[in-house]
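Data file: final-v8.txt. Format and content: compact mmCIF, C-alpha atoms.
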# COMPACT_ATOMS: atom_id res chain seq x y z
CA MET A 1 97.13 109.43 101.97
CA ILE A 2 94.82 111.90 100.24
CA ARG A 3 92.31 109.12 99.54
CA TRP A 4 92.29 108.02 103.20
CA LEU A 5 91.85 111.61 104.37
CA LEU A 6 88.95 112.03 101.95
CA LEU A 7 87.26 108.84 103.19
CA PHE A 8 87.79 109.94 106.80
CA SER A 9 86.24 113.35 106.14
CA LEU A 10 83.27 111.74 104.39
CA ALA A 11 82.75 109.44 107.36
CA LEU A 12 82.74 112.41 109.71
CA SER A 13 80.33 114.37 107.54
CA ALA A 14 77.93 111.45 106.94
CA PRO A 15 74.72 111.79 108.94
CA SER A 16 74.40 109.33 111.83
CA ALA A 17 71.54 106.87 112.14
CA ALA A 18 70.34 108.78 115.19
CA ALA A 19 70.25 112.05 113.25
CA GLU A 20 68.00 110.48 110.61
CA TRP A 21 65.74 108.79 113.18
CA THR A 22 62.04 109.64 112.84
CA LEU A 23 60.11 109.21 116.09
CA THR A 24 56.37 109.75 116.54
CA VAL A 25 54.61 109.44 119.90
CA VAL A 26 50.83 109.22 120.38
CA ALA A 27 49.43 109.59 123.90
CA PRO A 28 46.32 110.75 125.76
CA VAL A 29 46.47 114.16 127.44
CA SER A 30 47.11 112.54 130.85
CA LEU A 31 50.29 110.92 129.54
CA GLU A 32 51.62 113.91 127.63
CA PRO A 33 54.49 114.48 130.13
CA ALA A 34 55.62 110.88 129.55
CA ALA A 35 55.29 111.37 125.80
CA GLN A 36 57.51 114.44 125.95
CA ARG A 37 60.18 112.50 127.86
CA ILE A 38 60.27 109.92 125.09
CA ARG A 39 60.45 112.61 122.40
CA ASN A 40 63.44 114.10 124.23
CA LEU A 41 65.28 110.76 124.35
CA ASP A 42 68.83 110.91 122.98
CA ALA A 43 68.93 108.23 120.28
CA GLN A 44 72.70 108.24 119.81
CA PRO A 45 73.64 106.02 122.83
CA ILE A 46 71.16 103.30 121.84
CA ALA A 47 72.26 103.59 118.21
CA ASP A 48 75.87 103.01 119.29
CA ALA A 49 74.89 100.07 121.54
CA LEU A 50 72.87 98.50 118.73
CA GLN A 51 75.76 98.86 116.30
CA HIS A 52 78.05 97.16 118.82
CA ALA A 53 75.60 94.24 118.86
CA GLY A 54 75.46 93.95 115.08
CA LEU A 55 72.10 95.72 114.82
CA GLU A 56 70.87 99.04 113.43
CA LEU A 57 68.70 101.78 114.87
CA PRO A 58 65.27 101.58 113.15
CA PRO A 59 64.84 104.57 110.82
CA ARG A 60 61.22 105.09 111.92
CA VAL A 61 59.59 104.29 115.24
CA HIS A 62 55.95 104.87 116.19
CA VAL A 63 55.17 104.80 119.94
CA THR A 64 51.72 104.54 121.50
CA LEU A 65 51.34 105.27 125.23
CA ILE A 66 48.40 103.60 126.98
CA SER A 67 47.03 104.55 130.39
CA GLU A 68 45.77 102.03 132.93
CA ASP A 69 42.15 103.16 132.50
CA ASP A 70 42.30 102.28 128.79
CA PRO A 71 40.45 99.02 127.94
CA ARG A 72 43.54 97.85 126.04
CA ALA A 73 45.52 97.83 129.28
CA GLY A 74 43.07 95.40 130.84
CA ASN A 75 43.69 92.91 128.05
CA MET A 76 47.42 92.70 128.81
CA PRO A 77 49.09 90.93 131.76
CA ALA A 78 49.92 93.34 134.59
CA TRP A 79 53.66 92.76 134.17
CA PHE A 80 53.60 93.85 130.51
CA VAL A 81 55.30 97.25 130.51
CA GLY A 82 56.03 97.53 126.81
CA LEU A 83 55.37 95.66 123.60
CA ALA A 84 57.18 95.85 120.25
CA SER A 85 55.70 94.59 117.01
CA GLY A 86 57.00 94.56 113.49
CA VAL A 87 59.91 96.81 112.63
CA SER A 88 58.57 100.15 113.87
CA ASP A 89 55.66 99.91 116.32
CA ILE A 90 55.98 100.13 120.12
CA ILE A 91 53.33 100.21 122.86
CA ILE A 92 54.25 101.36 126.38
CA PHE A 93 52.21 101.38 129.62
CA PRO A 94 53.94 104.20 131.57
CA ASP A 95 52.04 103.51 134.82
CA ARG A 96 53.71 100.08 135.02
CA VAL A 97 57.31 101.27 134.80
CA LEU A 98 59.87 100.64 137.58
CA SER A 99 59.75 96.85 137.70
CA TYR A 100 62.80 94.75 136.81
CA PRO A 101 64.48 94.96 134.30
CA TYR A 102 63.31 98.55 133.80
CA ASP A 103 64.30 101.49 135.98
CA SER A 104 62.73 104.36 134.02
CA LEU A 105 60.42 105.21 131.15
CA GLU A 106 63.50 105.85 129.01
CA SER A 107 64.89 102.38 129.74
CA VAL A 108 61.58 100.81 128.63
CA MET A 109 61.77 102.77 125.39
CA ARG A 110 65.36 101.70 124.71
CA HIS A 111 64.46 98.08 125.57
CA GLU A 112 61.60 98.03 123.05
CA VAL A 113 63.72 99.71 120.37
CA VAL A 114 66.12 96.76 120.64
CA HIS A 115 63.20 94.38 119.99
CA VAL A 116 62.23 96.36 116.89
CA ALA A 117 65.85 96.33 115.67
CA LEU A 118 66.03 92.56 116.18
CA ASN A 119 62.79 92.08 114.26
CA ALA A 120 64.19 94.10 111.37
CA ARG A 121 67.54 92.29 111.37
CA ALA A 122 65.76 88.91 111.35
CA GLY A 123 63.57 89.96 108.43
CA ARG A 124 60.49 89.72 110.66
CA ARG A 125 61.14 86.00 111.11
CA PRO A 126 60.58 84.60 114.64
CA LEU A 127 63.31 84.46 117.29
CA PRO A 128 62.97 82.68 120.67
CA ARG A 129 61.62 84.79 123.51
CA TRP A 130 64.70 84.15 125.69
CA PHE A 131 66.95 85.42 122.87
CA HIS A 132 64.81 88.50 122.25
CA GLU A 133 64.61 89.49 125.91
CA GLY A 134 68.19 88.54 126.76
CA VAL A 135 69.53 90.66 123.90
CA ALA A 136 67.26 93.59 124.80
CA VAL A 137 68.38 93.63 128.46
CA SER A 138 72.03 93.08 127.51
CA ILE A 139 72.03 96.00 125.06
CA GLU A 140 69.74 98.40 126.90
CA SER A 141 71.08 98.17 130.43
CA GLY A 142 74.21 96.03 130.39
CA TRP A 143 75.09 93.50 133.04
CA GLY A 144 76.56 94.34 136.40
CA VAL A 145 77.59 92.88 139.74
CA GLY A 146 74.15 93.56 141.16
CA ASP A 147 72.62 91.41 138.45
CA ARG A 148 75.10 88.64 139.23
CA LEU A 149 74.00 88.73 142.87
CA ARG A 150 70.36 88.61 141.83
CA LEU A 151 71.14 85.67 139.55
CA THR A 152 72.74 83.73 142.38
CA VAL A 153 69.75 84.36 144.64
CA ALA A 154 67.14 83.78 141.92
CA GLY A 155 68.37 80.44 140.71
CA PHE A 156 71.89 79.21 140.20
CA SER A 157 70.79 75.68 139.33
CA GLY A 158 71.11 76.43 135.63
CA PRO A 159 67.64 75.77 134.20
CA PRO A 160 67.31 74.25 130.73
CA LEU A 161 65.98 76.53 128.00
CA ASP A 162 62.58 74.84 128.15
CA ASP A 163 62.26 76.01 131.76
CA LEU A 164 63.31 79.52 130.74
CA THR A 165 60.56 79.55 128.10
CA ARG A 166 58.07 78.37 130.74
CA LEU A 167 59.08 81.21 133.08
CA PHE A 168 58.45 83.78 130.33
CA ALA A 169 54.99 82.27 129.74
CA SER A 170 54.04 82.59 133.41
CA ASP A 171 51.58 85.23 134.65
CA ALA A 172 53.49 85.53 137.95
CA ARG A 173 55.81 88.55 138.23
CA PRO A 174 58.55 86.65 140.18
CA ASP A 175 58.73 84.09 137.37
CA THR A 176 59.04 86.72 134.65
CA THR A 177 61.63 88.65 136.66
CA GLU A 178 63.71 85.49 136.98
CA ALA A 179 63.24 84.77 133.27
CA TYR A 180 64.56 88.22 132.27
CA LEU A 181 67.49 87.80 134.64
CA LEU A 182 68.48 84.35 133.37
CA ALA A 183 68.03 85.34 129.71
CA ALA A 184 70.25 88.39 130.21
CA ALA A 185 72.89 86.27 131.93
CA LEU A 186 72.86 83.76 129.08
CA VAL A 187 73.11 86.36 126.32
CA ASP A 188 75.81 88.25 128.21
CA GLU A 189 77.91 85.08 128.39
CA LEU A 190 77.25 84.30 124.71
CA ARG A 191 78.40 87.76 123.63
CA ARG A 192 81.49 87.46 125.81
CA ALA A 193 82.38 84.08 124.30
CA HIS A 194 81.47 84.69 120.65
CA GLY A 195 81.72 88.43 120.17
CA ALA A 196 79.48 91.37 121.05
CA ALA A 197 77.91 91.38 117.56
CA LEU A 198 76.61 87.80 117.91
CA PRO A 199 72.92 88.87 118.15
CA GLY A 200 73.07 90.63 114.80
CA ARG A 201 74.93 87.77 113.12
CA VAL A 202 72.42 85.17 114.28
CA ALA A 203 69.43 87.34 113.33
CA ALA A 204 70.92 88.03 109.88
CA ARG A 205 71.14 84.29 109.18
CA VAL A 206 67.55 83.83 110.32
CA ALA A 207 66.55 86.54 107.84
CA THR A 208 67.83 84.34 105.00
CA GLY A 209 65.48 81.54 106.02
CA VAL A 210 67.82 79.54 108.27
CA PRO A 211 65.97 78.26 111.39
CA PHE A 212 67.12 79.92 114.60
CA ALA A 213 68.65 76.77 116.10
CA SER A 214 70.72 76.20 112.96
CA ALA A 215 71.74 79.85 112.69
CA PHE A 216 72.77 79.81 116.34
CA GLU A 217 74.85 76.66 115.90
CA ILE A 218 76.56 78.01 112.77
CA GLU A 219 77.64 81.16 114.64
CA THR A 220 78.59 79.56 117.97
CA GLY A 221 79.51 75.97 117.10
CA GLU A 222 77.06 74.61 119.67
CA THR A 223 73.34 74.14 120.13
CA PRO A 224 71.38 76.64 122.25
CA ALA A 225 70.95 73.97 124.97
CA LEU A 226 74.68 73.26 125.14
CA ALA A 227 75.46 76.98 125.13
CA ALA A 228 73.09 77.50 128.06
CA ASP A 229 74.71 74.65 129.99
CA ARG A 230 78.16 76.15 129.35
CA ALA A 231 76.97 79.57 130.48
CA TRP A 232 75.64 78.23 133.78
CA ARG A 233 78.93 76.39 134.36
CA SER A 234 80.75 79.66 133.75
CA TYR A 235 78.67 81.46 136.38
CA ARG A 236 79.21 78.62 138.84
CA ARG A 237 82.98 78.99 138.35
CA TRP A 238 82.57 82.70 139.05
CA THR A 239 81.45 81.85 142.59
CA SER A 240 83.37 78.60 143.15
CA TRP A 241 86.21 80.42 144.97
CA MET A 242 83.82 81.88 147.56
CA PRO A 243 81.43 79.13 148.66
CA LEU A 244 79.79 81.27 151.32
CA ALA A 245 78.67 83.70 148.64
CA THR A 246 76.49 81.02 147.06
CA SER A 247 74.36 81.01 150.19
CA ALA A 248 71.14 82.87 149.47
CA SER A 249 70.94 84.11 153.08
CA VAL A 250 74.44 85.61 152.89
CA LEU A 251 73.68 87.28 149.56
CA TRP A 252 70.41 88.71 150.81
CA GLY A 253 72.28 89.99 153.86
CA LEU A 254 74.79 91.71 151.59
CA ILE A 255 72.05 93.22 149.45
CA LEU A 256 70.19 94.46 152.53
CA ALA A 257 73.41 95.90 153.97
CA LEU A 258 74.03 97.81 150.73
CA ALA A 259 70.45 99.04 150.80
CA PHE A 260 70.89 100.30 154.37
CA VAL A 261 74.12 102.07 153.43
CA ALA A 262 72.38 103.74 150.48
CA PHE A 263 69.48 104.76 152.75
CA PHE A 264 71.73 106.37 155.36
CA VAL A 265 73.79 108.15 152.70
CA ARG A 266 70.58 109.57 151.23
CA LEU A 267 69.37 110.53 154.71
CA SER A 268 72.66 112.29 155.46
CA LYS A 269 72.50 114.26 152.21
CA ARG A 270 68.92 115.24 152.96
CA THR A 271 69.89 116.44 156.44
CA GLN A 272 72.77 118.48 155.02
CA ARG A 273 70.43 119.99 152.43
CA ARG A 274 67.90 120.95 155.12
CA ARG A 275 70.68 122.53 157.21
CA GLN A 276 71.81 124.49 154.16
CA TRP A 277 68.26 125.71 153.54
CA ASP A 278 67.93 126.72 157.21
CA ASP A 279 71.21 128.64 157.02
CA GLU A 280 70.05 130.42 153.86
CA ASP A 281 66.70 131.31 155.53
CA GLY A 282 68.59 132.63 158.57
CA THR A 283 70.82 134.76 156.36
CA ARG A 284 67.80 136.26 154.61
CA ALA A 285 66.08 136.95 157.95
CA GLY A 286 69.21 138.66 159.28
File written out as structure tokens:
Amino acid sequence: MIRWLLLFSLALSAPSAAAEWTLTVVAPVSLEPAAQRIRNLDAQPIADALQHAGLELPPRVHVTLISEDDPRAGNMPAWFVGLASGVSDIIIFPDRVLSYPYDSLESVMRHEVVHVALNARAGRRPLPRWFHEGVAVSIESGWGVGDRLRLTVAGFSGPPLDDLTRLFASDARPDTTEAYLLAAALVDELRRAHGAALPGRVAARVATGVPFASAFEIETGETPALAADRAWRSYRRWTSWMPLATSASVLWGLILALAFVAFFVRLSKRTQRRRQWDDEDGTRAG
């Protein structure tokens, strides 16, 4: 009992990975507010999410913010919001944030940290783009009902992995959006079927020199192509009990209806706030 209490107390007193995290951010003066937001990012939630996926928070991360008037921005496709390289370096284009799958500068940062963690876990050896991006979206933002609706609208035909790779290589934003969506759906299903820590287990085998396809098959018992086919079948079963919901027009109608509801709720809150301000002004005037 004493030994277990001692181990427990040592675990509580041991510094967390987030506490030992060293983060440096380099940015032009115009992007200093964005740089400060990144410096203020709480690393503990992403450290916990990475651990759940069998990965570790990188001990050191160096972030470079690039503005749109920088020549380096012109050399990158317009849909490139962030770029991770090696096991510590991240580049972010803050002016391009707020396109799927990102909803904030912080979400871009967390997304790229996942890439760096994957690179480290794989010993810098290559991993397929669909795996990298699917894991990053799965860990950084999770997977919700809204994403399932988007998946149904975007393409429920269940594309082979070759098509997914082609979508990622496209310069068209709709193609890359669909690629992120499908990759996230695939990885989400893989983690559900084979354990949340599957990304880390596969990457660890790759680090030993095992090719990705072989590492994947060892951990899942199936090839990536078969796993993708099974995942699409799973999502089809998810909607098989409501055939009308597989109609793109019905889904878009639902999405638009939700958007209208959100708009009117926001409008109502704004009206109430204005009324409150008017009441306060009237009180002061009285």
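With only C-alpha atoms taken into account, every residue lying no more than 7 Å from the file point (50.0, 107.8, 128.3) is included here: Ala27, Pro28, Ser30, Leu31, Glu32, Ala34, Ala35, Leu65, Ile66, Ser67, Phe93 and Pro94 of chain A.
Closest approach to A:Glu56 among A:Ala213, A:Trp21, A:Gly86, A:Leu181: A:Trp21, based on all atoms listed in the file.
Atom CA of A:Tyr180 is found 23.1 Å from atom CA of A:Glu219.
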What does stretch 53-78 of chain A look like written to a file with N, CA and C atoms, as a JSON list (two decimals), in the first residue's frame?
[["chain", "number", "residue", "atom", "x", "y", "z"],
["A", 53, "ALA", "N", -4.20, 9.37, -28.43],
["A", 53, "ALA", "CA", -3.99, 8.82, -29.76],
["A", 53, "ALA", "C", -2.66, 8.07, -29.88],
["A", 54, "GLY", "N", -1.97, 7.89, -28.76],
["A", 54, "GLY", "CA", -0.71, 7.17, -28.79],
["A", 54, "GLY", "C", 0.47, 8.02, -29.23],
["A", 55, "LEU", "N", 0.32, 9.34, -29.11],
["A", 55, "LEU", "CA", 1.36, 10.27, -29.53],
["A", 55, "LEU", "C", 1.79, 11.14, -28.34],
["A", 56, "GLU", "N", 2.86, 11.90, -28.54],
["A", 56, "GLU", "CA", 3.37, 12.75, -27.47],
["A", 56, "GLU", "C", 3.48, 14.19, -27.95],
["A", 57, "LEU", "N", 3.26, 15.14, -27.04],
["A", 57, "LEU", "CA", 3.43, 16.54, -27.35],
["A", 57, "LEU", "C", 4.91, 16.81, -27.62],
["A", 58, "PRO", "N", 5.25, 17.42, -28.76],
["A", 58, "PRO", "CA", 6.67, 17.72, -29.04],
["A", 58, "PRO", "C", 7.26, 18.61, -27.95],
["A", 59, "PRO", "N", 8.46, 18.31, -27.48],
["A", 59, "PRO", "CA", 9.04, 19.12, -26.41],
["A", 59, "PRO", "C", 9.38, 20.55, -26.84],
["A", 60, "ARG", "N", 9.69, 20.73, -28.12],
["A", 60, "ARG", "CA", 10.03, 22.05, -28.64],
["A", 60, "ARG", "C", 9.30, 22.27, -29.96],
["A", 61, "VAL", "N", 8.69, 23.44, -30.09],
["A", 61, "VAL", "CA", 8.01, 23.79, -31.33],
["A", 61, "VAL", "C", 8.39, 25.22, -31.72],
["A", 62, "HIS", "N", 8.77, 25.39, -32.97],
["A", 62, "HIS", "CA", 9.12, 26.72, -33.49],
["A", 62, "HIS", "C", 8.10, 27.09, -34.56],
["A", 63, "VAL", "N", 7.41, 28.22, -34.37],
["A", 63, "VAL", "CA", 6.34, 28.65, -35.27],
["A", 63, "VAL", "C", 6.75, 29.93, -35.99],
["A", 64, "THR", "N", 6.56, 29.93, -37.31],
["A", 64, "THR", "CA", 6.80, 31.12, -38.12],
["A", 64, "THR", "C", 5.48, 31.56, -38.74],
["A", 65, "LEU", "N", 5.08, 32.82, -38.49],
["A", 65, "LEU", "CA", 3.86, 33.36, -39.08],
["A", 65, "LEU", "C", 4.24, 34.18, -40.32],
["A", 66, "ILE", "N", 3.51, 33.96, -41.41],
["A", 66, "ILE", "CA", 3.82, 34.62, -42.67],
["A", 66, "ILE", "C", 2.59, 35.39, -43.15],
["A", 67, "SER", "N", 2.78, 36.65, -43.49],
["A", 67, "SER", "CA", 1.68, 37.48, -43.98],
["A", 67, "SER", "C", 1.50, 37.27, -45.48],
["A", 68, "GLU", "N", 0.34, 37.68, -45.98],
["A", 68, "GLU", "CA", 0.03, 37.48, -47.40],
["A", 68, "GLU", "C", 0.90, 38.32, -48.33],
["A", 69, "ASP", "N", 1.49, 39.40, -47.83],
["A", 69, "ASP", "CA", 2.35, 40.21, -48.70],
["A", 69, "ASP", "C", 3.80, 39.72, -48.70],
["A", 70, "ASP", "N", 4.06, 38.63, -48.00],
["A", 70, "ASP", "CA", 5.38, 38.01, -47.99],
["A", 70, "ASP", "C", 5.55, 37.17, -49.26],
["A", 71, "PRO", "N", 6.68, 37.27, -49.95],
["A", 71, "PRO", "CA", 6.89, 36.46, -51.17],
["A", 71, "PRO", "C", 6.71, 34.97, -50.94],
["A", 72, "ARG", "N", 6.99, 34.49, -49.73],
["A", 72, "ARG", "CA", 6.84, 33.06, -49.45],
["A", 72, "ARG", "C", 5.38, 32.63, -49.53],
["A", 73, "ALA", "N", 4.46, 33.53, -49.25],
["A", 73, "ALA", "CA", 3.04, 33.20, -49.32],
["A", 73, "ALA", "C", 2.62, 32.96, -50.77],
["A", 74, "GLY", "N", 3.20, 33.72, -51.69],
["A", 74, "GLY", "CA", 2.86, 33.56, -53.09],
["A", 74, "GLY", "C", 3.31, 32.24, -53.68],
["A", 75, "ASN", "N", 4.27, 31.60, -53.04],
["A", 75, "ASN", "CA", 4.77, 30.33, -53.54],
["A", 75, "ASN", "C", 3.98, 29.13, -53.05],
["A", 76, "MET", "N", 2.98, 29.38, -52.19],
["A", 76, "MET", "CA", 2.17, 28.30, -51.63],
["A", 76, "MET", "C", 0.74, 28.39, -52.17],
["A", 77, "PRO", "N", 0.08, 27.24, -52.41],
["A", 77, "PRO", "CA", -1.32, 27.27, -52.85],
["A", 77, "PRO", "C", -2.17, 28.08, -51.87],
["A", 78, "ALA", "N", -3.20, 28.73, -52.39],
["A", 78, "ALA", "CA", -4.02, 29.62, -51.56],
["A", 78, "ALA", "C", -4.71, 28.90, -50.42]]
